[in-house]
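Peer 1: Input structure: run_37.txt, which contains compact mmCIF, C-alpha atoms and all ligand atoms.
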# COMPACT_ATOMS: atom_id res chain seq x y z
CA MET A 1 10.07 7.18 28.99
CA CYS A 2 11.89 9.92 30.84
CA LEU A 3 9.42 9.61 33.68
CA ALA A 4 11.30 9.89 36.93
CA ILE A 5 9.89 10.23 40.42
CA PRO A 6 11.24 11.53 43.71
CA GLY A 7 11.81 9.32 46.72
CA LYS A 8 13.77 9.37 49.96
CA ILE A 9 16.81 7.19 50.54
CA LEU A 10 16.24 5.02 53.61
CA GLU A 11 19.30 2.81 53.36
CA ALA A 12 22.47 2.99 51.30
CA ASP A 13 24.91 0.18 50.81
CA GLY A 14 27.61 1.07 48.29
CA PRO A 15 26.03 1.51 44.87
CA GLU A 16 22.64 0.25 46.02
CA GLY A 17 20.03 1.78 48.26
CA ILE A 18 16.46 1.41 49.43
CA VAL A 19 14.26 4.31 48.42
CA ASP A 20 10.84 5.13 49.83
CA PHE A 21 8.34 6.42 47.27
CA GLY A 22 5.52 7.59 49.53
CA GLY A 23 5.22 4.24 51.27
CA THR A 24 6.42 1.93 48.48
CA LYS A 25 10.00 0.82 49.00
CA ARG A 26 12.28 -0.18 46.15
CA LYS A 27 15.88 -1.05 45.52
CA VAL A 28 17.59 1.72 43.59
CA ARG A 29 21.07 1.99 42.07
CA LEU A 30 23.04 4.98 43.30
CA ASP A 31 25.95 4.79 40.80
CA LEU A 32 25.11 8.09 39.12
CA VAL A 33 24.76 10.34 42.19
CA ASP A 34 26.66 11.21 45.35
CA ALA A 35 23.67 10.73 47.61
CA GLY A 36 23.20 9.24 51.05
CA VAL A 37 20.55 8.30 53.59
CA GLY A 38 17.98 11.05 54.05
CA ASP A 39 18.45 12.60 50.60
CA TYR A 40 15.52 12.96 48.24
CA VAL A 41 16.50 11.62 44.84
CA ILE A 42 14.87 11.58 41.42
CA VAL A 43 14.69 7.98 40.24
CA HIS A 44 14.46 6.85 36.62
CA VAL A 45 14.36 3.18 35.53
CA GLY A 46 15.87 1.98 38.80
CA TYR A 47 18.68 4.54 38.97
CA ALA A 48 18.84 7.74 41.03
CA ILE A 49 19.72 10.47 38.53
CA GLU A 50 19.92 13.52 40.81
CA ILE A 51 19.36 14.77 44.33
CA MET A 52 16.32 16.97 44.78
CA ASP A 53 17.01 20.21 46.62
CA GLU A 54 14.07 20.95 48.92
CA LYS A 55 15.30 24.46 49.66
CA GLU A 56 15.31 25.32 45.95
CA ALA A 57 11.79 23.91 45.63
CA LYS A 58 10.57 26.25 48.37
CA GLU A 59 12.40 29.19 46.84
CA THR A 60 10.89 28.57 43.40
CA LEU A 61 7.39 28.55 44.91
CA LYS A 62 8.15 31.62 47.00
CA TYR A 63 9.43 33.50 43.96
CA TRP A 64 6.34 32.69 41.92
CA SER A 65 3.91 33.46 44.74
CA GLU A 66 5.48 36.88 45.11
CA HIS A 67 5.53 37.37 41.38
CA LEU A 68 1.95 36.29 40.73
CA LEU A 69 -0.22 36.73 43.83
CA MET V 1 1.82 24.98 49.13
CA ASN V 2 2.94 22.71 46.34
CA PHE V 3 3.41 22.56 42.58
CA ARG V 4 -0.30 21.87 42.11
CA ASP V 5 -1.60 24.84 44.11
CA LYS V 6 -4.90 25.95 42.59
CA LYS V 7 -4.67 29.61 43.57
CA LEU V 8 -1.22 29.94 42.06
CA ALA V 9 -2.34 28.08 38.92
CA ASP V 10 -5.26 30.52 38.44
CA ALA V 11 -2.94 33.48 38.92
CA ALA V 12 -0.50 31.94 36.43
CA GLY V 13 -3.32 31.53 33.90
CA LYS V 14 -4.22 35.23 34.22
CA LYS V 15 -0.60 36.27 33.88
CA ILE V 16 -0.24 34.15 30.74
CA ALA V 17 -3.33 35.71 29.17
CA LYS V 18 -2.00 39.19 29.91
CA LEU V 19 1.47 38.48 28.55
CA ALA V 20 0.23 36.70 25.42
CA GLY V 21 -2.04 39.58 24.46
CA LYS V 22 -3.32 39.05 20.93
CA LYS V 23 -0.06 37.99 19.31
CA LYS V 24 0.15 34.58 17.68
CA ILE V 25 2.70 32.60 19.71
CA ARG V 26 3.79 28.99 19.25
CA LEU V 27 5.82 27.28 21.93
CA MET V 28 7.06 23.71 21.77
CA HIS V 29 7.93 21.09 24.33
CA VAL V 30 9.85 17.93 23.43
CA CYS V 31 8.90 15.49 26.14
CA GLY V 32 6.21 12.84 26.48
CA THR V 33 6.01 13.50 30.20
CA HIS V 34 5.33 17.20 29.52
CA GLU V 35 2.61 16.24 27.05
CA ASP V 36 1.11 14.04 29.75
CA THR V 37 1.06 16.88 32.30
CA ILE V 38 -0.32 19.36 29.75
CA THR V 39 -3.07 17.04 28.53
CA LYS V 40 -3.97 15.47 31.87
CA PHE V 41 -4.36 18.79 33.65
CA GLY V 42 -6.03 20.50 30.69
CA ILE V 43 -3.35 23.16 30.50
CA ARG V 44 -4.13 24.02 26.87
CA GLY V 45 -7.63 24.93 28.06
CA LEU V 46 -6.12 27.61 30.32
CA LEU V 47 -4.27 29.26 27.46
CA PRO V 48 -5.65 31.99 25.20
CA GLU V 49 -6.39 30.83 21.64
CA ASN V 50 -3.50 32.73 20.13
CA LEU V 51 -1.00 30.83 22.29
CA GLU V 52 -0.18 27.29 21.20
CA VAL V 53 1.95 24.69 22.97
CA LEU V 54 3.01 22.07 20.44
CA SER V 55 4.51 18.71 21.10
CA GLY V 56 7.78 17.84 19.33
CA PRO V 57 9.92 14.72 18.95
CA GLY V 58 9.92 13.95 22.66
CA CYS V 59 9.11 10.27 22.82
CA PRO V 60 12.14 7.99 22.40
CA VAL V 61 10.03 5.00 21.50
CA CYS V 62 8.17 6.97 18.82
CA VAL V 63 11.34 8.19 17.13
CA THR V 64 13.00 4.75 17.03
CA PRO V 65 13.08 3.77 13.34
CA ALA V 66 11.46 0.55 12.13
CA LYS V 67 14.91 -0.77 11.28
CA GLU V 68 15.91 -0.88 14.94
CA ILE V 69 12.75 -2.78 15.83
CA ASP V 70 13.61 -5.22 13.03
CA GLU V 71 17.07 -5.59 14.57
CA ALA V 72 15.56 -6.37 17.97
CA ILE V 73 13.23 -8.96 16.43
CA LYS V 74 16.13 -10.56 14.58
CA LEU V 75 18.07 -10.80 17.85
CA ALA V 76 15.04 -12.31 19.57
CA GLU V 77 15.35 -15.35 17.30
CA GLY V 78 18.23 -16.58 19.45
CA ASN V 79 18.60 -14.35 22.50
CA VAL V 80 16.55 -13.43 25.50
CA ILE V 81 15.50 -9.83 24.85
CA THR V 82 14.85 -7.45 27.71
CA THR V 83 13.20 -4.10 27.16
CA PHE V 84 10.94 -1.46 28.68
CA GLY V 85 7.24 -2.18 28.21
CA ASP V 86 6.71 0.68 25.77
CA MET V 87 8.79 -1.03 23.11
CA LEU V 88 6.70 -4.20 22.74
CA LYS V 89 4.09 -2.92 20.34
CA VAL V 90 6.17 -0.47 18.31
CA PRO V 91 5.84 -1.51 14.68
CA GLY V 92 8.88 -2.60 12.72
CA SER V 93 8.68 -3.41 9.04
CA ARG V 94 7.21 -6.86 9.73
CA GLY V 95 5.47 -6.75 13.09
CA CYS V 96 6.57 -5.82 16.57
CA LEU V 97 8.37 -7.44 19.49
CA SER V 98 5.09 -8.54 20.94
CA ASP V 99 4.43 -10.57 17.75
CA ALA V 100 7.88 -12.14 18.12
CA LYS V 101 6.94 -13.08 21.67
CA ALA V 102 3.69 -14.64 20.50
CA ASP V 103 5.76 -16.63 18.01
CA GLY V 104 7.71 -18.12 20.89
CA CYS V 105 10.66 -15.70 21.23
CA ASP V 106 11.78 -14.90 24.76
CA VAL V 107 11.03 -11.20 25.11
CA ARG V 108 10.86 -9.91 28.67
CA VAL V 109 9.78 -6.54 30.01
CA VAL V 110 12.08 -5.12 32.66
CA TYR V 111 11.80 -2.07 34.89
CA SER V 112 15.53 -1.43 34.81
CA ILE V 113 18.64 -2.54 32.93
CA SER V 114 19.91 -3.85 36.26
CA ASP V 115 17.16 -6.52 36.12
CA SER V 116 18.49 -7.52 32.74
CA LEU V 117 22.04 -7.78 34.13
CA LYS V 118 20.78 -10.04 36.88
CA MET V 119 19.10 -12.28 34.31
CA ALA V 120 22.33 -12.56 32.33
CA ARG V 121 24.28 -13.39 35.49
CA SER V 122 21.95 -16.20 36.42
CA SER V 123 21.69 -17.80 32.99
CA LYS V 124 23.96 -19.26 30.34
CA GLY V 125 22.11 -18.00 27.28
CA GLU V 126 22.62 -14.65 25.58
CA VAL V 127 20.68 -11.74 27.07
CA THR V 128 20.33 -8.55 25.00
CA HIS V 129 18.89 -5.38 26.47
CA ILE V 130 17.30 -2.85 24.13
CA GLY V 131 18.94 0.37 25.29
CA ILE V 132 16.34 2.96 24.44
CA GLY V 133 15.85 6.50 25.68
CA PHE V 134 17.35 9.95 25.59
CA GLU V 135 20.04 11.38 27.86
CA THR V 136 17.94 10.52 30.92
CA THR V 137 18.19 6.79 30.24
CA ALA V 138 21.54 6.45 28.46
CA PRO V 139 23.56 6.93 31.70
CA THR V 140 21.77 3.93 33.23
CA THR V 141 22.92 1.79 30.30
CA ALA V 142 26.42 3.15 30.81
CA ALA V 143 26.30 2.45 34.55
CA ALA V 144 25.31 -1.16 33.83
CA LEU V 145 28.20 -1.57 31.38
CA LEU V 146 30.59 -0.08 33.91
CA GLN V 147 29.43 -2.62 36.50
CA GLY V 148 31.26 -5.30 34.54
CA PRO V 149 28.53 -7.35 32.89
CA PRO V 150 28.93 -11.07 32.18
CA GLU V 151 29.99 -12.13 28.69
CA ASN V 152 26.54 -13.33 27.71
CA PHE V 153 25.14 -9.80 28.08
CA SER V 154 24.82 -7.27 25.29
CA VAL V 155 23.07 -4.01 24.45
CA LEU V 156 21.28 -2.94 21.29
CA SER V 157 21.83 0.79 21.62
CA CYS V 158 18.91 2.87 20.36
CA HIS V 159 19.82 5.85 22.55
CA ARG V 160 19.38 9.31 21.08
CA LEU V 161 20.33 12.85 22.05
CA VAL V 162 17.84 15.70 22.29
CA PRO V 163 19.77 18.91 21.43
CA PRO V 164 20.79 17.80 17.90
CA ALA V 165 17.11 17.07 17.16
CA LEU V 166 16.15 20.59 18.26
CA GLU V 167 18.73 21.99 15.87
CA ALA V 168 17.48 19.78 13.05
CA LEU V 169 13.92 20.87 13.68
CA LEU V 170 14.79 24.57 13.73
CA SER V 171 17.08 24.29 10.71
CA SER V 172 14.37 22.59 8.64
CA GLY V 173 12.24 25.72 9.01
CA GLU V 174 9.14 23.55 8.61
CA VAL V 175 7.61 24.72 11.84
CA LYS V 176 7.93 28.18 13.34
CA ILE V 177 8.61 28.03 17.06
CA GLY V 178 8.81 31.02 19.38
CA GLY V 179 10.34 29.20 22.34
CA PHE V 180 11.17 25.78 23.74
CA ILE V 181 10.09 24.19 27.00
CA GLN V 182 12.96 21.80 27.64
CA PRO V 183 12.56 18.41 29.31
CA GLY V 184 13.42 18.43 33.00
CA HIS V 185 14.91 14.97 33.22
CA VAL V 186 17.00 15.07 30.05
CA SER V 187 18.26 18.42 31.37
CA THR V 188 19.00 16.84 34.76
CA ILE V 189 21.76 14.93 33.00
CA ILE V 190 22.99 17.40 30.37
CA GLY V 191 22.46 20.65 32.30
CA ALA V 192 21.17 24.02 31.18
CA LYS V 193 24.46 24.95 29.56
CA VAL V 194 24.03 22.60 26.60
CA TYR V 195 21.06 24.55 25.21
CA GLU V 196 22.91 27.87 25.02
CA PRO V 197 24.36 27.37 21.52
CA VAL V 198 20.84 26.63 20.21
CA SER V 199 19.57 29.90 21.67
CA GLU V 200 22.48 31.80 20.20
CA LYS V 201 22.25 30.26 16.75
CA PHE V 202 18.49 30.48 16.34
CA LYS V 203 17.77 33.47 18.59
CA ILE V 204 15.21 31.51 20.53
CA PRO V 205 14.33 31.58 24.24
CA GLN V 206 14.29 28.29 26.15
CA VAL V 207 13.17 27.27 29.62
CA ILE V 208 13.82 24.02 31.45
CA ALA V 209 10.69 22.92 33.29
CA GLY V 210 9.64 20.18 35.68
CA PHE V 211 6.56 18.01 35.36
CA GLU V 212 4.01 19.36 37.80
CA PRO V 213 1.27 21.55 36.31
CA LEU V 214 2.73 24.68 37.92
CA ASP V 215 6.17 23.86 36.54
CA VAL V 216 4.73 23.96 33.04
CA LEU V 217 2.75 27.16 33.68
CA PHE V 218 5.79 28.89 35.20
CA GLY V 219 7.80 27.73 32.21
CA ILE V 220 5.28 29.27 29.82
CA ILE V 221 5.28 32.58 31.73
CA THR V 222 9.06 32.63 31.69
CA LEU V 223 9.13 32.16 27.91
CA LEU V 224 6.47 34.82 27.36
CA GLU V 225 8.40 37.29 29.52
CA MET V 226 11.58 36.52 27.61
CA LEU V 227 9.79 36.99 24.29
CA ASP V 228 8.39 40.27 25.58
CA LYS V 229 11.85 41.56 26.41
CA GLY V 230 13.44 40.10 23.30
CA GLU V 231 15.68 37.81 25.37
CA CYS V 232 16.93 34.60 23.83
CA GLY V 233 18.87 32.72 26.49
CA VAL V 234 18.17 29.64 28.60
CA LYS V 235 16.33 29.80 31.94
CA ASN V 236 15.94 27.04 34.46
CA GLU V 237 12.60 26.76 36.23
CA TYR V 238 13.40 23.25 37.54
CA SER V 239 16.32 24.38 39.69
CA ARG V 240 15.30 22.01 42.49
CA VAL V 241 16.71 19.23 40.31
CA VAL V 242 18.59 20.64 37.31
CA HIS V 243 22.00 22.31 37.60
CA TYR V 244 23.72 24.50 35.05
CA GLU V 245 26.41 21.89 34.39
CA GLY V 246 24.07 18.88 34.71
CA ASN V 247 25.00 15.61 36.40
CA LYS V 248 28.72 15.26 35.73
CA LYS V 249 28.94 11.75 37.09
CA ALA V 250 26.28 10.60 34.63
CA GLN V 251 27.95 12.51 31.78
CA ALA V 252 31.27 10.84 32.60
CA ALA V 253 29.64 7.40 32.60
CA MET V 254 28.16 8.09 29.15
CA GLY V 255 31.48 9.40 27.90
CA GLU V 256 33.21 6.22 29.02
CA CYS V 257 30.88 3.90 27.14
CA PHE V 258 29.53 5.65 24.06
CA ASP V 259 30.61 7.32 20.84
CA ILE V 260 28.33 9.95 19.38
CA VAL V 261 27.20 9.06 15.85
CA ASP V 262 24.85 10.33 13.13
CA THR V 263 21.56 8.49 13.26
CA LYS V 264 18.11 8.40 11.75
CA TRP V 265 15.02 9.29 13.74
CA ARG V 266 11.60 8.00 12.75
CA GLY V 267 9.89 10.79 10.86
CA PHE V 268 13.16 12.66 10.32
CA PRO V 269 16.11 12.29 8.00
CA LYS V 270 19.46 11.33 9.51
CA ILE V 271 20.35 13.82 12.26
CA PRO V 272 24.07 14.53 12.67
CA LYS V 273 25.64 13.57 16.01
CA SER V 274 22.33 12.53 17.56
CA GLY V 275 22.87 8.86 18.40
CA LEU V 276 24.92 6.83 20.86
CA GLU V 277 26.87 3.75 19.87
CA LEU V 278 28.95 1.60 22.24
CA ASN V 279 32.60 2.61 21.87
CA GLU V 280 35.60 0.44 21.16
CA LYS V 281 36.15 -0.45 24.78
CA PHE V 282 32.65 -1.91 25.06
CA GLU V 283 32.44 -3.31 21.54
CA GLY V 284 32.19 -6.83 22.94
CA PHE V 285 28.81 -5.89 24.44
CA ASP V 286 27.49 -4.19 21.30
CA ALA V 287 24.78 -6.54 20.02
CA ARG V 288 25.13 -5.21 16.45
CA LYS V 289 28.79 -6.22 16.34
CA LYS V 290 28.64 -9.29 18.53
CA PHE V 291 25.93 -10.91 16.41
CA ASN V 292 26.99 -9.31 13.13
CA LEU V 293 23.52 -7.83 12.66
CA LYS V 294 22.61 -6.90 9.11
CA VAL V 295 19.13 -5.57 8.72
CA LYS V 296 17.89 -3.58 5.73
CA ASP V 297 16.47 -0.10 5.99
CA SER V 298 12.71 -0.03 5.77
CA ALA V 299 9.83 2.39 5.51
CA ASP V 300 9.15 4.03 8.85
CA MET V 301 5.59 5.17 8.49
CA PRO V 302 2.63 2.85 8.06
CA ALA V 303 0.31 3.99 5.25
CA GLY V 304 -1.89 6.88 6.30
CA CYS V 305 -0.10 7.45 9.62
CA ARG V 306 0.87 11.06 10.24
CA CYS V 307 3.26 10.46 13.12
CA ALA V 308 6.03 12.26 11.23
CA ASP V 309 3.93 15.43 11.29
CA VAL V 310 2.91 14.87 14.93
CA LEU V 311 6.57 14.47 15.93
CA LYS V 312 7.51 17.69 14.18
CA GLY V 313 4.67 19.62 15.79
CA LEU V 314 3.03 20.24 12.41
CA ILE V 315 -0.31 18.77 13.45
CA TYR V 316 -2.08 17.79 16.67
CA PRO V 317 -2.90 14.06 17.04
CA ASN V 318 -6.62 14.54 16.41
CA GLU V 319 -5.83 16.07 13.02
CA CYS V 320 -4.68 12.66 11.78
CA PRO V 321 -7.63 11.08 9.93
CA LEU V 322 -6.94 7.70 11.54
CA PHE V 323 -6.92 9.05 15.10
CA GLY V 324 -9.41 7.22 17.35
CA LYS V 325 -11.07 5.58 14.35
CA ILE V 326 -8.66 3.04 12.91
CA CYS V 327 -5.79 3.92 15.22
CA LYS V 328 -6.34 3.28 18.94
CA PRO V 329 -4.04 2.15 21.77
CA ASP V 330 -5.38 -1.44 21.45
CA GLU V 331 -4.76 -1.47 17.71
CA PRO V 332 -2.12 1.18 17.10
CA VAL V 333 -1.19 2.07 13.54
CA GLY V 334 1.75 4.34 14.25
CA PRO V 335 4.36 4.57 17.01
CA CYS V 336 2.81 7.70 18.54
CA MET V 337 -0.23 5.63 19.55
CA VAL V 338 1.86 2.80 20.96
CA SER V 339 3.96 4.32 23.65
CA ALA V 340 2.34 5.72 26.77
CA GLU V 341 4.56 8.72 26.04
CA GLY V 342 3.37 9.14 22.47
CA SER V 343 1.24 12.21 21.83
CA CYS V 344 -1.50 10.24 20.08
CA ALA V 345 -1.80 7.77 22.97
CA ILE V 346 -1.88 10.60 25.50
CA TRP V 347 -4.59 12.48 23.59
CA TYR V 348 -6.61 9.28 23.27
CA LYS V 349 -6.26 8.47 26.97
CA TYR V 350 -7.51 11.88 28.07
CA LYS V 351 -10.09 12.04 25.23
CA ARG V 352 -8.81 15.27 23.67
S1 LIG A 401 -3.33 8.68 15.24
FE1 LIG A 401 -2.20 6.77 14.80
S2 LIG A 401 -1.91 6.79 12.60
FE2 LIG A 401 -2.42 8.88 13.18
S3 LIG A 401 -0.46 9.92 13.57
FE3 LIG A 401 -1.12 9.08 15.53
S4 LIG A 401 -0.19 7.06 15.64
FE4 LIG A 401 -0.03 7.70 13.48
Would you write out, as structure tokens, the structure that this file holds?
Peer 2:
Amino acid sequence: MCLAIPGKILEADGPEGIVDFGGTKRKVRLDLVDAGVGDYVIVHVGYAIEIMDEKEAKETLKYWSEHLL
Amino acid sequence: MNFRDKKLADAAGKKIAKLAGKKKIRLMHVCGTHEDTITKFGIRGLLPENLEVLSGPGCPVCVTPAKEIDEAIKLAEGNVITTFGDMLKVPGSRGCLSDAKADGCDVRVVYSISDSLKMARSSKGEVTHIGIGFETTAPTTAAALLQGPPENFSVLSCHRLVPPALEALLSSGEVKIGGFIQPGHVSTIIGAKVYEPVSEKFKIPQVIAGFEPLDVLFGIITLLEMLDKGECGVKNEYSRVVHYEGNKKAQAAMGECFDIVDTKWRGFPKIPKSGLELNEKFEGFDARKKFNLKVKDSADMPAGCRCADVLKGLIYPNECPLFGKICKPDEPVGPCMVSAEGSCAIWYKYKR
């Protein structure tokens, strides 16, 4: 139910945008986030619920590689 | 490198084994999507025998009481009902929504509440959306209400909140849990902050984790390290998405539309302050009030079904005598076999 997947905003028009999920494009509501074209967002039941921070993603992996390898 | 990197996963497995030592440790997650990751990628197989990862009440469809399904079916007698696919086969006291559909009721599966709004806008009849889900989904219901829906639209709110259920579970003392893996997408909305009182009150470590296999493994390591050091705070492994304060815009939307109320969960007694009801301002869209719904309470568990114990983490799905024999996804007995997010359905799918 809480399944949500990341995609990239290709177009934004007020509260609605077009998001690319690895090749599949879908209309997504942007009411709940302050996101714009180029942002990666996490989308759940047709609504973007947060912006995904790519820098943080890299830092998490860097931290764990240093910690574990 | 990504969150499925094999080398890192192997190293994480070794680290977990080292940290777990020989102590008996029981961790719990409360999210169907976590159970899917754990089962699909065989994560339990990577863990030493003394370390258990249990699944708690993390499937919104599974914890929806039979009474609410009965309410939906009653509404379907006159209204178009829109809902997420998972809800169709969940048993009420006399059948499920899919039976109502077979009997000629207009029950439609939607991907989003915005599809339901569109339907209401382009028709004259009453359209009722079953608003189901935890904090991840509730803001989308709120956003739809704030869009100014037409008068023929209404919501049957079955939304529930996760932190009060954690408290109820820990207070019951029925299951001993050493640490919680918290759901990434519920946490996206409510933030890490909300879990702090639970850690303080019950002296329990918690980690917020994402849904890739490495997310879960890193989450487990984090909890084991915290247990080792006797720490009992909240850590956030899913910082690429979750912020300490959560998504304030989504919280504000929920605050504008809902009141927090005591509500029953399937398999649990009434949990204080764990449900969302449309507030006074949106009363006109509250299907229970608009259609003066009166449905009696009913038994939540079909005979022999052990979903209540599965939802509390007291047993694994395959410990239910009906699992895979009488109860299968095609012919589910209990709600945990119905929803794709239910532990029983997930275990069946991956043949555990
Ligand atoms: S296997 Fe079926 S009957 Fe048993 S607990 Fe799971 S859903 Fe209920």
Peer 1: May I have the residues within 8 Å of region 217-233 of chain V as a tab-separated table (two decimals) with C-alpha atoms, keeping the file's coordinate frame, using only C-alpha atoms and disregarding those fewer than 2 positions away in the same chain?
Peer 2:
chain	number	residue	atom	x	y	z
A	64	TRP	CA	6.34	32.69	41.92
V	9	ALA	CA	-2.34	28.08	38.92
V	12	ALA	CA	-0.50	31.94	36.43
V	13	GLY	CA	-3.32	31.53	33.90
V	15	LYS	CA	-0.60	36.27	33.88
V	16	ILE	CA	-0.24	34.15	30.74
V	19	LEU	CA	1.47	38.48	28.55
V	20	ALA	CA	0.23	36.70	25.42
V	43	ILE	CA	-3.35	23.16	30.50
V	178	GLY	CA	8.81	31.02	19.38
V	179	GLY	CA	10.34	29.20	22.34
V	180	PHE	CA	11.17	25.78	23.74
V	181	ILE	CA	10.09	24.19	27.00
V	196	GLU	CA	22.91	27.87	25.02
V	199	SER	CA	19.57	29.90	21.67
V	200	GLU	CA	22.48	31.80	20.20
V	203	LYS	CA	17.77	33.47	18.59
V	204	ILE	CA	15.21	31.51	20.53
V	205	PRO	CA	14.33	31.58	24.24
V	206	GLN	CA	14.29	28.29	26.15
V	207	VAL	CA	13.17	27.27	29.62
V	208	ILE	CA	13.82	24.02	31.45
V	209	ALA	CA	10.69	22.92	33.29
V	213	PRO	CA	1.27	21.55	36.31
V	214	LEU	CA	2.73	24.68	37.92
V	215	ASP	CA	6.17	23.86	36.54
V	235	LYS	CA	16.33	29.80	31.94
V	237	GLU	CA	12.60	26.76	36.23
Peer 1: Once you count all atoms listed in the file, which residues end up no further than 10 Å from (21.6, 17.7, 49.5) in the file's frame, shown as a list in words?
Peer 2: Asp34, Ala35, Gly36, Gly38, Asp39, Tyr40, Val41, Glu50, Ile51, Met52, Asp53, Glu54 and Lys55 of chain A
Peer 1: Only residues of chain A matter here; which ones have an atom within 8 Å of chain V, counting only C-alpha atoms? Give them as an NGL selection string.
Peer 2: :A and (1-4 or 31-33 or 42 or 44-47 or 49-57 or 60-61 or 64-65 or 68-69)
Peer 1: Could you please extract the residues within 6 Å of ligand LIG 401 (chain A), counting all atoms listed in the file, and hand them back as a PyMOL selection string?
Peer 2: chain V and resi 305-307+317+320+322-323+327+333-337+344
Peer 1: Quick one: pull the distance between CA of Leu161 (chain V) and CA of Glu35 (chain V), Å, one decimal.
Peer 2: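 Between these atoms lies a distance of 18.7 Å.
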Peer 1: For CA of Gly78 (chain V) and CA of Phe291 (chain V), quote the distance in Å rounded to one decimal.
Peer 2: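 Computed distance, CA of Gly78 (chain V) to CA of Phe291 (chain V), equals 10.0 Å.
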Peer 1: Save all heavy atoms of region 286-291 of chain V from the block above as a PDB file, in the first residue's frame.
Peer 2:
ATOM      1  N   ASP V 286     -17.967  13.525   4.110  1.00  0.00           N
ATOM      2  CA  ASP V 286     -17.771  12.322   4.920  1.00  0.00           C
ATOM      3  C   ASP V 286     -18.916  11.350   4.636  1.00  0.00           C
ATOM      4  O   ASP V 286     -20.059  11.591   5.024  1.00  0.00           O
ATOM      5  CB  ASP V 286     -17.742  12.717   6.406  1.00  0.00           C
ATOM      6  CG  ASP V 286     -17.455  11.527   7.313  1.00  0.00           C
ATOM      7  OD1 ASP V 286     -17.661  10.374   6.864  1.00  0.00           O
ATOM      8  OD2 ASP V 286     -17.035  11.746   8.455  1.00  0.00           O
ATOM      9  N   ALA V 287     -18.602  10.257   3.943  1.00  0.00           N
ATOM     10  CA  ALA V 287     -19.649   9.320   3.509  1.00  0.00           C
ATOM     11  C   ALA V 287     -20.462   8.801   4.685  1.00  0.00           C
ATOM     12  O   ALA V 287     -21.670   8.576   4.560  1.00  0.00           O
ATOM     13  CB  ALA V 287     -19.023   8.163   2.741  1.00  0.00           C
ATOM     14  N   ARG V 288     -19.816   8.618   5.846  1.00  0.00           N
ATOM     15  CA  ARG V 288     -20.565   8.086   7.012  1.00  0.00           C
ATOM     16  C   ARG V 288     -21.672   9.037   7.420  1.00  0.00           C
ATOM     17  O   ARG V 288     -22.764   8.615   7.775  1.00  0.00           O
ATOM     18  CB  ARG V 288     -19.616   7.864   8.194  1.00  0.00           C
ATOM     19  CG  ARG V 288     -18.668   6.710   7.962  1.00  0.00           C
ATOM     20  CD  ARG V 288     -17.913   6.300   9.219  1.00  0.00           C
ATOM     21  NE  ARG V 288     -17.038   5.197   8.913  1.00  0.00           N
ATOM     22  CZ  ARG V 288     -15.745   5.320   8.554  1.00  0.00           C
ATOM     23  NH1 ARG V 288     -15.183   6.502   8.511  1.00  0.00           N
ATOM     24  NH2 ARG V 288     -15.044   4.255   8.235  1.00  0.00           N
ATOM     25  N   LYS V 289     -21.378  10.331   7.369  1.00  0.00           N
ATOM     26  CA  LYS V 289     -22.388  11.323   7.774  1.00  0.00           C
ATOM     27  C   LYS V 289     -23.365  11.603   6.641  1.00  0.00           C
ATOM     28  O   LYS V 289     -24.566  11.657   6.840  1.00  0.00           O
ATOM     29  CB  LYS V 289     -21.687  12.606   8.207  1.00  0.00           C
ATOM     30  CG  LYS V 289     -20.899  12.372   9.480  1.00  0.00           C
ATOM     31  CD  LYS V 289     -20.395  13.628  10.114  1.00  0.00           C
ATOM     32  CE  LYS V 289     -19.670  13.274  11.403  1.00  0.00           C
ATOM     33  NZ  LYS V 289     -18.409  14.000  11.526  1.00  0.00           N
ATOM     34  N   LYS V 290     -22.826  11.781   5.456  1.00  0.00           N
ATOM     35  CA  LYS V 290     -23.655  12.136   4.316  1.00  0.00           C
ATOM     36  C   LYS V 290     -24.755  11.099   4.070  1.00  0.00           C
ATOM     37  O   LYS V 290     -25.881  11.443   3.741  1.00  0.00           O
ATOM     38  CB  LYS V 290     -22.744  12.249   3.089  1.00  0.00           C
ATOM     39  CG  LYS V 290     -23.408  12.797   1.854  1.00  0.00           C
ATOM     40  CD  LYS V 290     -22.343  13.062   0.791  1.00  0.00           C
ATOM     41  CE  LYS V 290     -22.982  13.549  -0.491  1.00  0.00           C
ATOM     42  NZ  LYS V 290     -21.960  13.760  -1.539  1.00  0.00           N
ATOM     43  N   PHE V 291     -24.412   9.826   4.228  1.00  0.00           N
ATOM     44  CA  PHE V 291     -25.394   8.773   3.943  1.00  0.00           C
ATOM     45  C   PHE V 291     -25.898   8.111   5.223  1.00  0.00           C
ATOM     46  O   PHE V 291     -26.467   7.026   5.185  1.00  0.00           O
ATOM     47  CB  PHE V 291     -24.793   7.744   2.976  1.00  0.00           C
ATOM     48  CG  PHE V 291     -24.343   8.381   1.693  1.00  0.00           C
ATOM     49  CD1 PHE V 291     -23.000   8.634   1.457  1.00  0.00           C
ATOM     50  CD2 PHE V 291     -25.271   8.798   0.745  1.00  0.00           C
ATOM     51  CE1 PHE V 291     -22.579   9.264   0.302  1.00  0.00           C
ATOM     52  CE2 PHE V 291     -24.850   9.432  -0.417  1.00  0.00           C
ATOM     53  CZ  PHE V 291     -23.504   9.672  -0.639  1.00  0.00           C
TER      54      PHE V 291
END
